[in-house]
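input.cif follows (mmCIF, C-alpha atoms):
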data_model
loop_
_atom_site.label_atom_id
_atom_site.label_comp_id
_atom_site.auth_asym_id
_atom_site.auth_seq_id
_atom_site.Cartn_x
_atom_site.Cartn_y
_atom_site.Cartn_z
CA SER A 297 116.12 149.93 252.76
CA LEU A 298 114.72 146.62 251.48
CA ILE A 299 115.79 144.85 254.67
CA ARG A 300 114.25 147.60 256.80
CA LYS A 301 110.98 147.43 254.83
CA TYR A 302 110.49 143.67 254.40
CA CYS A 303 112.76 141.79 256.83
CA LEU A 304 112.66 143.54 260.19
CA GLY A 305 109.14 142.29 260.94
CA PHE A 306 109.50 138.90 259.27
CA SER A 307 109.56 135.75 261.41
CA TRP A 308 113.13 134.72 262.16
CA ARG A 309 112.11 131.05 262.16
CA LYS A 310 110.59 131.33 258.69
CA MET A 311 113.71 133.16 257.57
CA MET A 312 115.80 130.21 258.78
CA TRP A 313 113.48 127.78 256.99
CA ILE A 314 113.78 129.64 253.70
CA GLY A 315 117.55 130.02 253.98
CA SER A 316 118.18 126.40 254.99
CA ILE A 317 115.94 124.88 252.32
CA MET A 318 117.35 127.07 249.56
CA VAL A 319 120.93 126.31 250.64
CA THR A 320 120.10 122.60 250.59
CA PHE A 321 118.59 122.92 247.12
CA PHE A 322 121.66 124.62 245.66
CA ASN A 323 124.01 122.19 247.40
CA CYS A 324 122.11 119.28 245.87
CA LEU A 325 122.79 120.78 242.44
CA TYR A 326 126.36 119.56 242.94
CA LEU A 327 124.99 116.11 242.16
CA LEU A 328 124.62 117.25 238.54
CA ILE A 329 128.35 117.98 238.54
CA VAL A 330 129.25 114.75 240.30
CA TYR A 331 127.43 112.56 237.77
CA ASP A 332 128.68 114.59 234.78
CA VAL A 333 125.24 115.89 233.83
CA ILE A 334 126.49 119.48 233.82
CA ARG A 335 130.20 120.10 234.23
CA ASN A 336 130.61 123.75 233.45
CA PRO A 337 132.78 126.19 235.44
CA TRP A 338 130.07 128.84 235.26
CA PHE A 339 127.45 126.43 236.63
CA TYR A 340 129.75 125.57 239.52
CA MET A 341 130.34 129.26 240.27
CA PHE A 342 126.60 129.97 240.12
CA THR A 343 125.86 127.14 242.53
CA ASP A 344 128.63 128.11 244.94
CA VAL A 345 127.84 131.85 244.96
CA SER A 346 124.09 131.28 245.33
CA ASP A 347 124.70 128.89 248.20
CA THR A 348 126.93 131.41 250.00
CA PHE A 349 124.50 134.28 249.40
CA LEU A 350 121.55 132.39 250.88
CA TYR A 351 123.47 131.76 254.08
CA THR A 352 122.95 135.49 254.59
CA LEU A 353 119.33 134.82 255.58
CA ASN A 354 120.46 132.68 258.50
CA PHE A 355 123.05 135.30 259.40
CA LEU A 356 120.42 138.05 259.43
CA ALA A 357 118.21 136.06 261.79
CA SER A 358 121.09 135.67 264.24
CA VAL A 359 122.05 139.36 264.02
CA PHE A 360 118.48 140.53 264.63
CA CYS A 361 118.28 138.27 267.67
CA ILE A 362 121.57 139.61 269.09
CA VAL A 363 120.24 143.16 268.91
CA GLU A 364 117.19 142.26 270.98
CA ILE A 365 118.91 140.25 273.72
CA SER A 366 121.59 142.88 274.34
CA GLU A 367 120.97 144.72 277.60
CA PRO A 368 121.60 148.49 277.65
CA GLY A 369 125.26 149.18 278.18
CA PHE A 370 126.33 145.64 277.24
CA GLU A 371 125.59 145.67 273.49
CA ALA A 372 129.22 145.40 272.37
CA ILE A 373 130.08 142.68 274.90
CA THR A 374 127.00 140.63 273.98
CA TYR A 375 127.69 140.89 270.26
CA SER A 376 131.36 140.03 270.77
CA LEU A 377 130.54 137.02 272.95
CA ILE A 378 128.02 135.53 270.52
CA THR A 379 130.21 136.29 267.50
CA THR A 380 133.21 134.66 269.21
CA ALA A 381 131.16 131.57 270.04
CA ASN A 382 130.04 131.37 266.42
CA ASN A 383 133.57 131.84 265.09
CA ALA A 384 134.85 129.14 267.45
CA ILE A 385 132.40 126.67 265.93
CA ILE A 386 133.45 127.38 262.33
CA PRO A 387 136.97 125.86 262.57
CA LEU A 388 135.54 123.04 264.71
CA SER A 389 133.03 122.18 261.98
CA VAL A 390 135.85 122.16 259.42
CA VAL A 391 137.93 119.86 261.63
CA ILE A 392 135.03 117.45 262.17
CA SER A 393 134.33 117.51 258.43
CA TYR A 394 137.90 116.39 257.75
CA GLN A 395 137.56 113.67 260.37
CA PHE A 396 134.28 112.60 258.80
CA MET A 397 136.17 112.10 255.54
CA ALA A 398 137.82 109.03 257.11
CA PHE A 399 134.66 107.16 256.15
CA PHE A 400 135.17 108.12 252.48
CA PRO A 401 138.74 107.01 251.65
CA ASP A 402 138.39 107.51 247.88
CA LEU A 403 137.76 111.23 248.44
CA ASN A 404 140.80 111.81 250.64
CA THR A 405 143.26 112.43 247.82
CA GLN A 406 143.23 114.49 244.64
CA ASP A 407 144.20 111.40 242.66
CA GLY A 408 141.21 109.53 244.02
CA ILE A 409 138.80 112.33 243.08
CA ALA A 410 140.45 112.76 239.68
CA SER A 411 139.88 109.07 238.87
CA ASP A 412 136.16 109.92 238.58
CA THR A 413 135.10 106.28 238.81
CA PRO A 414 131.51 105.23 239.57
CA ALA A 415 132.61 104.36 243.12
CA VAL A 416 134.08 107.84 243.64
CA ARG A 417 130.96 109.47 242.25
CA ASN A 418 128.72 107.42 244.51
CA GLN A 419 130.84 108.25 247.56
CA PHE A 420 130.73 111.95 246.72
CA ALA A 421 126.97 111.84 246.21
CA LEU A 422 126.47 109.97 249.48
CA LEU A 423 128.62 112.55 251.27
CA ILE A 424 126.49 115.39 249.88
CA LEU A 425 123.22 113.70 250.86
CA ILE A 426 124.44 112.95 254.39
CA THR A 427 125.70 116.50 254.84
CA GLU A 428 122.46 118.06 253.65
CA SER A 429 120.39 115.72 255.80
CA ILE A 430 122.37 116.79 258.86
CA ASN A 431 121.97 120.44 257.89
CA LEU A 432 118.19 120.05 257.65
CA THR A 433 117.97 118.40 261.06
CA SER A 434 119.31 121.66 262.49
CA LEU A 435 115.80 123.01 261.90
CA LEU A 436 114.68 120.86 264.83
CA SER A 437 116.29 123.47 267.08
CA LEU A 438 114.11 126.30 265.76
CA PRO A 439 111.80 126.25 268.82
CA MET A 440 114.79 127.65 270.76
CA LEU A 441 114.82 130.70 268.46
CA PRO A 442 112.24 133.43 269.17
CA ARG A 443 110.00 134.31 266.25
CA GLN A 444 110.47 138.04 266.57
CA LYS A 445 111.59 140.79 268.89
CA GLU A 446 108.40 140.64 270.99
CA GLU A 447 109.06 136.99 271.91
CA THR A 448 112.72 137.82 272.55
CA ARG A 449 111.85 140.57 275.03
CA GLU A 450 109.33 138.30 276.74
CA LEU A 451 111.96 135.59 277.02
CA MET A 452 114.43 138.06 278.50
CA GLU A 453 111.88 139.20 281.10
CA ASN A 454 110.33 135.84 282.05
CA GLY A 455 112.82 133.22 280.89
CA GLY A 456 114.91 133.25 284.05
CA ARG A 457 118.67 133.04 284.44
CA SER A 458 121.05 130.14 285.02
CA LYS A 459 124.66 130.29 286.18
CA PHE A 460 125.10 126.66 285.16
CA TRP A 461 124.12 127.17 281.53
CA ALA A 462 126.11 130.40 281.36
CA ALA A 463 129.22 128.56 282.55
CA PHE A 464 128.41 125.61 280.27
CA THR A 465 128.21 127.90 277.25
CA LEU A 466 131.45 129.73 278.01
CA ILE A 467 133.40 126.56 278.79
CA SER A 468 132.05 124.80 275.69
CA GLY A 469 133.10 127.67 273.43
CA LEU A 470 136.57 127.74 275.01
CA LEU A 471 137.05 123.96 274.67
CA PHE A 472 135.87 124.00 271.05
CA LEU A 473 138.31 126.79 270.24
CA ILE A 474 141.22 124.97 271.90
CA TYR A 475 140.36 121.65 270.24
CA SER A 476 140.04 123.06 266.74
CA THR A 477 143.29 125.04 267.16
CA VAL A 478 145.25 121.98 268.34
CA VAL A 479 143.91 119.73 265.57
CA THR A 480 144.54 122.39 262.90
CA PHE A 481 148.12 122.83 264.15
CA MET A 482 148.72 119.07 264.09
CA THR A 483 147.40 118.69 260.54
CA VAL A 484 149.40 121.64 259.20
CA ALA A 485 152.67 121.68 261.17
CA GLY A 486 152.79 117.91 261.62
CA ALA A 487 151.20 116.86 258.34
CA ASP A 488 153.94 114.32 257.56
CA THR A 489 153.61 112.68 260.97
CA TYR A 490 149.96 113.06 261.93
CA GLY A 491 148.18 113.82 258.65
CA CYS A 492 147.54 110.15 257.91
CA LEU A 493 145.62 109.53 261.16
CA LYS A 494 141.93 108.80 260.64
CA ILE A 495 141.04 110.93 263.65
CA LEU A 496 142.50 113.87 261.71
CA GLY A 497 140.75 112.97 258.47
CA GLY A 498 143.50 110.87 256.90
CA ARG A 499 143.29 107.46 255.26
CA GLY A 500 144.99 105.76 258.22
CA CYS A 501 148.69 105.40 259.02
CA THR A 502 148.34 101.61 259.06
CA GLU A 503 145.93 99.22 257.38
CA ASP A 504 144.53 98.04 260.70
CA GLU A 505 144.06 101.50 262.23
CA SER A 506 140.79 101.56 264.17
CA ASP A 507 137.80 103.72 263.24
CA GLY A 508 136.84 103.81 266.93
CA PRO A 509 138.19 107.29 267.79
CA VAL A 510 136.47 108.81 264.74
CA ILE A 511 133.16 107.10 265.56
CA PHE A 512 133.43 108.26 269.19
CA LEU A 513 134.09 111.84 268.09
CA MET A 514 131.13 111.82 265.70
CA CYS A 515 128.84 110.39 268.38
CA PHE A 516 130.00 113.01 270.89
CA ALA A 517 129.44 115.87 268.42
CA PHE A 518 125.94 114.67 267.53
CA ALA A 519 125.07 113.98 271.17
CA TYR A 520 126.16 117.50 272.13
CA CYS A 521 124.24 119.24 269.33
CA TYR A 522 121.05 117.20 269.49
CA GLY A 523 121.14 116.59 273.25
CA ILE A 524 120.91 120.26 274.22
CA ASN A 525 118.09 120.83 271.75
CA PHE A 526 116.27 117.73 273.00
CA TYR A 527 116.59 118.87 276.63
CA PHE A 528 115.16 122.34 276.04
CA THR A 529 112.65 121.60 273.28
CA PHE A 530 111.33 118.06 273.54
CA TRP A 531 111.99 116.96 277.14
CA PRO A 532 109.39 119.40 278.57
CA ILE A 533 106.88 117.95 276.08
CA ILE A 534 107.68 114.39 277.15
CA LYS A 535 107.26 115.36 280.81
CA GLY A 536 103.89 116.97 280.01
CA GLU A 537 104.98 120.49 280.90
CA LYS A 538 104.29 121.68 277.36
CA LYS A 539 102.04 120.56 274.53
CA PHE A 540 103.49 119.63 271.17
CA SER A 541 102.43 121.64 268.13
CA TRP A 542 103.93 121.85 264.67
CA GLY A 543 103.64 125.60 265.05
CA VAL A 544 106.68 125.65 267.33
CA PHE A 545 108.84 125.20 264.23
CA PHE A 546 107.41 128.23 262.41
#

Entire entry expressed as structure tokens:
Amino acid sequence: SLIRKYCLGFSWRKMMWIGSIMVTFFNCLYLLIVYDVIRNPWFYMFTDVSDTFLYTLNFLASVFCIVEISEPGFEAITYSLITTANNAIIPLSVVISYQFMAFFPDLNTQDGIASDTPAVRNQFALLILITESINLTSLLSLPMLPRQKEETRELMENGGRSKFWAAFTLISGLLFLIYSTVVTFMTVAGADTYGCLKILGGRGCTEDESDGPVIFLMCFAFAYCYGINFYFTFWPIIKGEKKFSWGVFF
């Protein structure tokens, strides 16, 4: 009843802002644990549970949007398609996170973390700050999210249709799912053989193993995520087709 009374008419963009900022705040509280300011199991549980709970705000915004873009008779298919695309990204994000760990060798083993040296603490803190910075940059894509159901219906009526972007979306989701499945299988079933590879998040099978594949993968992931947003949000502004306003983010 609270959601029906206060959330159904609330701006989805503002909901994403609140959720993302609060999640970032609680994630930054881990710095107190890292630097031994507060190392209490209950504090860790409070931080972790609060962080997970606030992700619900972002989830609600996506669910409300799915309801509005579903055409009559295709509600289940639309929900399944978007949910599948979202679920395909989750293991991919985990895989890329492990690969990102190649840049933080002291955090790749339990012994390294347990040493709790100043270098380990600084690496952990840097990892948290980089992660949260990347999470906040996701707010740059908010102009692609309608504010409410009225804008969603208008977009459905006047936004046009594209076979190219439909195929692009489906193929991307399929490739992401295949990639994350293959990498997960290699790291689990072939842990003794492939687990040390930097491209799979290991410390490197040899001392001279190149960071090139990991850097390429990171660049590709960022180019994909930010490139699509740039094309739809900022490229029309650069070409003069639209005028920039800070209001597009709210």

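Note that the spacing between CA of Ala485 in chain A and CA of Cys501 in chain A amounts to 16.9 Å.
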
Exercise for the section: Tell me, as a PyMOL selection string, which residues lie within 10 Å of range 339-341 of chain A, counting all atoms listed in the file; anything in the same chain fewer than 3 positions away does not count. Expected result: chain A and resi 325-326+328-329+334-336+344-347

Exercise for the section: Fewer than 4 positions away in the same chain doesn't count, so skip those; otherwise give me all residues within 7 Å of range 462-473 of chain A, counting only C-alpha atoms, as a list of chain:residue names. Expected result: A:Ala381, A:Ala384, A:Ile385, A:Leu388, A:Ser458, A:Thr477

Handout entry: Counting all atoms listed in the file, the option among A:Leu353, A:Ile495, A:Met397, A:Leu441 closest to Phe546 in chain A
Key = A:Leu441

Exercise for the section: Could you give me, as a ChimeraX atom specification, the residues within 7 Å of Arg443 in chain A, counting all atoms listed in the file and dropping anything in the same chain fewer than 4 positions from it? Expected result: /A:307-309,447

Handout entry: Spatial neighbours of range 525-531 of chain A, max dist 10 Å, only C-alpha atoms, sep filter under 6 positions, as number ranges by chain
Key = A: 434, 436-440, 519, 537-540, 544

Any chance you can output those residues with C-alpha atoms as a compact mmCIF listing (two decimals), in the coordinates of the input?
# COMPACT_ATOMS: atom_id res chain seq x y z
CA SER A 434 119.31 121.66 262.49
CA LEU A 436 114.68 120.86 264.83
CA SER A 437 116.29 123.47 267.08
CA LEU A 438 114.11 126.30 265.76
CA PRO A 439 111.80 126.25 268.82
CA MET A 440 114.79 127.65 270.76
CA ALA A 519 125.07 113.98 271.17
CA GLU A 537 104.98 120.49 280.90
CA LYS A 538 104.29 121.68 277.36
CA LYS A 539 102.04 120.56 274.53
CA PHE A 540 103.49 119.63 271.17
CA VAL A 544 106.68 125.65 267.33

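The interatomic distance for the pair CA of Ala421 in chain A and CA of Val479 in chain A works out to 26.9 Å.
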